[in-house]
>>> print(open('entry_2.cif').read())   # mmCIF, C-alpha atoms
data_run
loop_
_atom_site.label_atom_id
_atom_site.label_comp_id
_atom_site.auth_asym_id
_atom_site.auth_seq_id
_atom_site.Cartn_x
_atom_site.Cartn_y
_atom_site.Cartn_z
CA MET I 7 69.57 51.94 236.09
CA ASN I 8 67.78 54.94 237.54
CA PRO I 9 68.77 57.94 235.37
CA SER I 10 68.07 60.36 238.22
CA ALA I 11 70.91 58.69 240.15
CA LEU I 12 73.56 59.57 237.53
CA SER I 13 76.24 61.88 238.81
CA ILE I 14 78.37 64.29 236.81
CA THR I 15 81.53 62.65 235.44
CA ASP I 16 83.48 62.92 232.19
CA GLY I 17 81.39 61.88 229.20
CA MET I 18 78.09 63.03 230.70
CA VAL I 19 75.86 65.64 229.08
CA VAL I 20 74.87 68.05 231.83
CA THR I 21 72.21 70.74 231.86
CA PHE I 22 72.25 73.30 234.65
CA ARG I 23 70.70 76.66 235.52
CA TYR I 24 72.86 79.36 237.00
CA THR I 25 73.31 82.94 238.00
CA MET I 26 76.76 84.51 238.25
CA SER I 27 77.63 87.53 240.36
CA LEU I 28 80.68 89.52 241.43
CA ASP I 29 81.94 90.34 244.93
CA ASP I 30 79.92 93.57 244.96
CA GLY I 31 76.72 91.63 244.27
CA GLU I 32 76.41 92.73 240.64
CA ILE I 33 74.73 89.92 238.67
CA VAL I 34 76.63 89.48 235.40
CA ALA I 35 74.74 86.42 234.11
CA GLY I 36 71.17 85.51 234.84
CA ALA I 37 69.94 88.91 236.02
CA ALA I 38 66.62 88.45 234.18
CA GLY I 39 66.32 84.90 235.52
CA PRO I 40 68.73 81.97 235.64
CA GLU I 41 70.49 81.08 232.39
CA THR I 42 70.63 77.46 231.26
CA ILE I 43 73.67 75.68 229.81
CA THR I 44 73.99 72.19 228.35
CA TYR I 45 77.54 70.92 227.92
CA LEU I 46 79.63 67.75 227.66
CA HIS I 47 81.56 67.29 230.91
CA GLY I 48 85.30 66.81 230.57
CA GLU I 49 85.67 68.61 227.23
CA GLY I 50 86.74 71.98 228.65
CA ALA I 51 83.54 73.81 227.64
CA LEU I 52 83.30 75.51 231.05
CA LEU I 53 85.79 77.42 233.15
CA PRO I 54 88.05 74.70 234.61
CA GLY I 55 87.30 75.66 238.21
CA LEU I 56 83.56 75.52 237.54
CA GLU I 57 83.75 72.14 235.80
CA ASP I 58 85.82 70.72 238.69
CA ALA I 59 83.24 71.95 241.22
CA LEU I 60 80.40 70.16 239.39
CA TYR I 61 81.94 66.66 239.56
CA GLY I 62 79.69 64.22 241.40
CA LEU I 63 76.54 66.36 241.47
CA LYS I 64 73.22 64.81 240.45
CA ALA I 65 70.10 66.24 238.80
CA GLY I 66 68.09 68.26 241.31
CA GLN I 67 71.11 69.28 243.39
CA ARG I 68 72.06 72.90 243.98
CA LYS I 69 75.47 74.29 244.77
CA ALA I 70 77.03 77.67 245.47
CA ILE I 71 80.46 77.90 243.84
CA THR I 72 83.01 80.70 244.21
CA LEU I 73 85.90 80.93 241.75
CA ALA I 74 88.95 83.08 242.48
CA PRO I 75 90.31 85.00 239.45
CA HIS I 76 92.99 82.37 238.70
CA GLU I 77 90.23 79.70 238.49
CA ALA I 78 88.07 81.88 236.26
CA TYR I 79 89.28 84.46 233.69
CA GLY I 80 92.71 85.07 235.20
CA GLU I 81 94.26 87.97 237.03
CA LEU I 82 94.19 91.44 235.48
CA ASP I 83 97.30 91.85 233.32
CA GLU I 84 98.44 95.46 233.59
CA ASP I 85 100.53 95.04 230.42
CA ALA I 86 97.59 93.87 228.31
CA TRP I 87 96.70 97.35 227.06
CA GLU I 88 97.63 98.91 223.73
CA LEU I 89 97.06 102.36 222.26
CA VAL I 90 96.18 102.02 218.58
CA PRO I 91 95.95 105.05 216.25
CA LEU I 92 92.45 105.81 214.97
CA SER I 93 93.81 105.48 211.42
CA GLU I 94 94.21 101.73 212.02
CA PHE I 95 90.44 101.28 212.23
CA PRO I 96 88.00 101.29 209.30
CA PRO I 97 86.49 104.79 209.04
CA ASP I 98 82.92 103.42 209.07
CA LEU I 99 83.46 101.49 212.33
CA GLU I 100 81.60 103.20 215.17
CA LEU I 101 83.81 102.60 218.20
CA GLU I 102 82.29 102.66 221.68
CA PRO I 103 83.83 101.99 225.10
CA GLY I 104 83.22 98.38 226.15
CA MET I 105 82.87 97.21 222.56
CA ALA I 106 84.53 93.85 221.75
CA LEU I 107 86.84 93.68 218.73
CA GLU I 108 88.72 90.87 217.01
CA ILE I 109 92.29 92.00 216.42
CA HIS I 110 94.56 90.17 213.96
CA ASP I 111 98.30 90.14 214.52
CA ASP I 112 100.64 91.38 211.78
CA GLU I 113 101.02 87.92 210.25
CA MET I 114 97.21 87.50 210.25
CA ASP I 115 97.54 84.03 211.80
CA GLU I 116 96.44 84.91 215.35
CA ILE I 117 93.19 86.54 216.41
CA TYR I 118 92.90 88.24 219.79
CA GLU I 119 89.79 89.56 221.47
CA ALA I 120 90.14 93.08 222.80
CA TYR I 121 87.77 95.59 224.36
CA VAL I 122 87.66 99.31 223.70
CA ALA I 123 88.69 100.89 227.00
CA GLN I 124 88.94 104.53 225.94
CA ILE I 125 88.77 106.65 222.78
CA SER I 126 90.75 109.89 222.49
CA ASP I 127 92.46 112.05 219.88
CA GLU I 128 95.60 109.98 220.47
CA GLY I 129 93.82 106.79 219.44
CA VAL I 130 91.91 103.87 220.86
CA LEU I 131 93.07 102.24 224.08
CA LEU I 132 92.46 98.52 223.72
CA ASP I 133 92.23 96.18 226.71
CA PHE I 134 93.23 92.60 225.92
CA ASN I 135 92.08 91.37 229.33
CA HIS I 136 88.79 89.47 229.49
CA PRO I 137 86.13 91.83 230.96
CA LEU I 138 85.91 89.54 234.00
CA ALA I 139 89.68 89.20 234.51
CA GLY I 140 90.65 89.89 238.11
CA GLU I 141 87.11 89.23 239.33
CA THR I 142 86.01 86.62 241.86
CA LEU I 143 82.92 84.93 240.43
CA HIS I 144 80.03 83.60 242.52
CA PHE I 145 77.75 80.99 240.94
CA GLN I 146 74.41 79.69 242.15
CA ILE I 147 73.86 76.43 240.28
CA GLU I 148 70.97 74.00 239.99
CA VAL I 149 71.65 70.79 238.06
CA LEU I 150 68.63 70.00 235.88
CA ASP I 151 69.72 66.90 233.96
CA VAL I 152 72.63 64.44 233.74
CA ARG I 153 72.72 61.80 231.01
CA PRO I 154 75.36 59.74 229.22
CA ALA I 155 76.61 61.32 226.00
CA THR I 156 75.89 59.50 222.76
CA ARG I 157 78.81 58.09 220.74
CA GLU I 158 78.33 60.90 218.21
CA GLU I 159 78.42 63.57 220.94
CA LEU I 160 81.61 62.08 222.35
CA GLU I 161 83.21 62.05 218.88
CA HIS I 162 82.23 65.70 218.27
CA GLY I 163 83.14 66.81 221.79
CA HIS I 164 79.87 68.63 222.48
CA PRO I 165 76.17 67.88 223.04
CA HIS I 166 73.74 68.07 220.16
CA THR I 167 70.93 69.69 222.15
CA GLY I 168 70.50 72.85 224.17
CA GLY I 169 72.79 75.84 224.59
CA HIS I 170 76.56 76.01 224.30
CA ALA I 171 78.83 77.03 227.15
CA HIS I 172 81.74 79.42 226.76
#
>>> encode(input="entry_2.cif", output="structure tokens")
Amino acid sequence: MNPSALSITDGMVVTFRYTMSLDDGEIVAGAAGPETITYLHGEGALLPGLEDALYGLKAGQRKAITLAPHEAYGELDEDAWELVPLSEFPPDLELEPGMALEIHDDEMDEIYEAYVAQISDEGVLLDFNHPLAGETLHFQIEVLDVRPATREELEHGHPHTGGHAH
């Protein structure tokens, strides 16, 4: 079997290079040069729309992929904002706009990621939207390697080499 002929299907370990940009051309990943990801296909390590678009590609192939917000990080939720009094934050925490925070709910059993949108005398405005929510994402992808996952990788649900995709 010629390994270069393997195409991307579930259970394959895939390595690809990519850049990601927004509609206005701003490069949000890979600005200093393409970033490389290695992941196990079919395990949900990538955005679902991106993983779907990679099915069937082989090493050496390139593809331009555009994901609408609902295929990527979702639409912007106008209700996903909360004003939290400054007294709720540790006094030694230096808050800055854009900063990511992990917020625990009152029962301490759920953790949410929020971003500092604004700081004022009234408190801190937290945005619970992903920073790329509401954005159309444009990917330029080059598949570098496709190989079958080992039994151990399949059991663990991720590859044991290279980077990890979010």
>>> atom_distance(input="entry_2.cif", atom1="atom CA of I:Leu89", atom2="atom CA of I:Ile109")
12.8 Å
>>> resolve_selection(input="entry_2.cif", expression="the PyMOL selection byres ((chain I and resi 17-21) around 9)", output="JSON, numbers by chain")
{"I": [12, 13, 14, 15, 16, 22, 23, 42, 43, 44, 45, 46, 47, 48, 49, 65, 148, 149, 150, 151, 152, 153, 154, 155, 156, 159, 160, 164, 165, 168, 169]}
>>> closest_residue(input="entry_2.cif", among="I:Ala11, I:Glu119, I:Leu143, I:Ser126", to="I:Lys64", atoms="all atoms listed in the file")
I:Ala11
>>> atom_distance(input="entry_2.cif", atom1="atom CA of I:His76", atom2="atom CA of I:Ala120")
19.4 Å
>>> residues_around(input="entry_2.cif", residues="I:Thr25", least_positions_apart="6", cutoff="6 Å", atoms="only C-alpha atoms", output="number ranges by chain")
I: 35-36, 40, 145-146
>>> closest_residue(input="entry_2.cif", among="I:Gly50, I:Pro91, I:Gly55, I:Pro75", to="I:Gly129", atoms="all atoms listed in the file")
I:Pro91
>>> resolve_selection(input="entry_2.cif", expression="the PyMOL selection byres ((chain I and resi 86) around 9)", output="VMD selection string")
chain I and resid 82 to 85 87 to 88 132 to 135
>>> resolve_selection(input="entry_2.cif", expression="the PyMOL selection byres ((chain I and resi 139) around 6)", output="number ranges by chain")
I: 79-82, 136-138, 140-141
>>> atom_distance(input="entry_2.cif", atom1="atom CA of I:Ala78", atom2="atom CA of I:Glu57")
10.7 Å
>>> closest_residue(input="entry_2.cif", among="I:Gln67, I:Leu73, I:Val90, I:Ala106", to="I:Tyr118", atoms="all atoms listed in the file")
I:Ala106
>>> closest_residue(input="entry_2.cif", among="I:Ala37, I:Met26, I:Val130, I:Ile117", to="I:Leu101", atoms="only C-alpha atoms")
I:Val130
>>> closest_residue(input="entry_2.cif", among="I:Leu60, I:Leu28, I:Leu92, I:Val34", to="I:Ala74", atoms="only C-alpha atoms")
I:Leu28
>>> closest_residue(input="entry_2.cif", among="I:Glu158, I:Thr142, I:Thr72, I:Ser93", to="I:Asp29", atoms="all atoms listed in the file")
I:Thr142
